[in-house]
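I have placed the structure first, in the form of structure tokens, so that the comments after it can refer back to it.
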Amino acid sequence: MAVELQREMVDLLPRMRRFAYTLTGSIEEADDVVQSACERALSRLHQFKPGSRLDSWMFRIVQNISIDRMRKKKRRNEVNDPEAFEAVEYDARIHEGTEARLELALVRAEISRLPEEQQMVLALVTVDGMSYQEAAETLDVPIGTVMSRLARARKKLAAALENGSGNAPKQNGRP
Amino acid sequence: MKRPSDEILMAYADGELNGAETRSVRMFLRNDELARRKVRMFRWTALIVDEATGDVNFKVIPERLVELFDTHVSKSDRRHLWWPKNLLQLAAASIILAAVVIWAGVIVDQPMIDGLPADANFALGKVGEASLLAAAFERSFNSERVEIGGYRLVGVQRFEDKFGDLCQELEITTANTAMPPAAVVVACRRGHQDWDIVGALLTKPTRLHKAADAYVTDAAAAREAANGIIAMIGADQRSTGLEVDRQTR
């Protein structure tokens, strides 16, 4: 049973990495989060309820670890420091070079500015492809909450990107 | 009809509504430009978020993550080992252990392919000239089908690296199934003699050897990662075996 669960966890690694990447905006940090999540899960395999969804369980652990790290960062004024964001954008220009990559970096920066609960639902539904119902079960909230958080997140994102990159749908609605 | 809420418009954009709800929203959208714009906005945000978070190959798993499971599996396996609790059991265990040691002395240094560590099918670096693996590379390079110890080596493609050496990309699969490759290996023939494994990818974490570059979860990820290795060694020419044969004659 434990070995089977571990195999399933290995199969989940790509999804967990992308989920964490959406939350952190950095693949190195995402891998740190996933590593901590796997360590925690492996040490608490006995807490997993047979018959329940392993992906939901793992995503919740990733979510908790990610929130802990985000809060620690915020306490150190790393995330909300406007200069830090400028540095991210500047680095993106220097190292990635292309406008398209810079825009994607801006999108990730805007995602990281969303409230935690909106980031989570965005990561589960829009990135991982869960249905609203599956996301609700994973987050243990009503489906209506998932919908309202997701709609708010996407409206905020669209507004921010409209002001930032200028590529969001405006009058004619085309990107 | 009352204007649908933003949440309903978003659910429509995401394909989350049932047939009747979808028809109802679609009818409303015909005459409401603002609602249509919102639906476009929700679709656009889904696309841009997907694009912004999909620029990394998440299937190529860093070794440090896979090692977590390797370590944990071996630890949990150890917990299930039987341990002698009295003298009689200890004596029996000693006899069994002695037999195992004698047997292991014969087989422990015999990996699946000659010339490699016992826990690996292959390792990065030079392949022993007289090894079974070198012979397998040579035969595979000559488009022969090679099978070793239940594994099949399939030559995928040949190309020249930046030094002008001929290189070969191989997939190692199980011989009797159509399973994804157990490994993808890129080897170059240095000075037209010795084989040098310059890239190695594995698809099974339990077989991960420290000398491998990465663990990949499926054949597509293996292909993508192999392409990365090939780009890194500066291959300026990738060609089929037939073309390489023509060039080298």
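By convention here, the chains of the structure tokens are called A, B, ... in the order presented, each chain's residues are numbered starting at 1, and ligands are numbered starting at 1 in the order presented.
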Report the closest atom pair, with its distance in Å rounded to one decimal, for each residue of chain B that has an atom no farther than 6 Å from chain A; count only C-alpha atoms, sort by chain and then rising residue number, and write it as a Markdown table.
```
| residue | atom | partner | partner_atom | distance |
| --- | --- | --- | --- | --- |
| B:Glu7 | CA | A:Met147 | CA | 5.8 |
| B:Arg37 | CA | A:Gly173 | CA | 5.4 |
| B:Ala46 | CA | A:Thr126 | CA | 5.7 |
| B:Asp50 | CA | A:Val127 | CA | 5.5 |
| B:Ala52 | CA | A:Leu104 | CA | 4.7 |
| B:Thr53 | CA | A:Thr22 | CA | 5.9 |
| B:Phe58 | CA | A:Pro14 | CA | 4.8 |
| B:Lys59 | CA | A:Pro14 | CA | 5.0 |
| B:Leu65 | CA | A:Gln35 | CA | 5.9 |
```
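Separating CA of Val121 (chain A) from CA of Leu139 (chain A) is a distance of 8.1 Å.
One finds CA of Arg40 (chain A) at 15.1 Å from CA of Arg64 (chain B).
Among B:Ala134, B:Phe28, B:Gly234, B:Gly19, the residue with the shortest atom-to-atom distance to Phe163 (chain B), counting only C-alpha atoms, is B:Gly234.
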note - CA of Glu67 (chain B) and CA of Ala222 (chain B) are separated by 18.3 Å
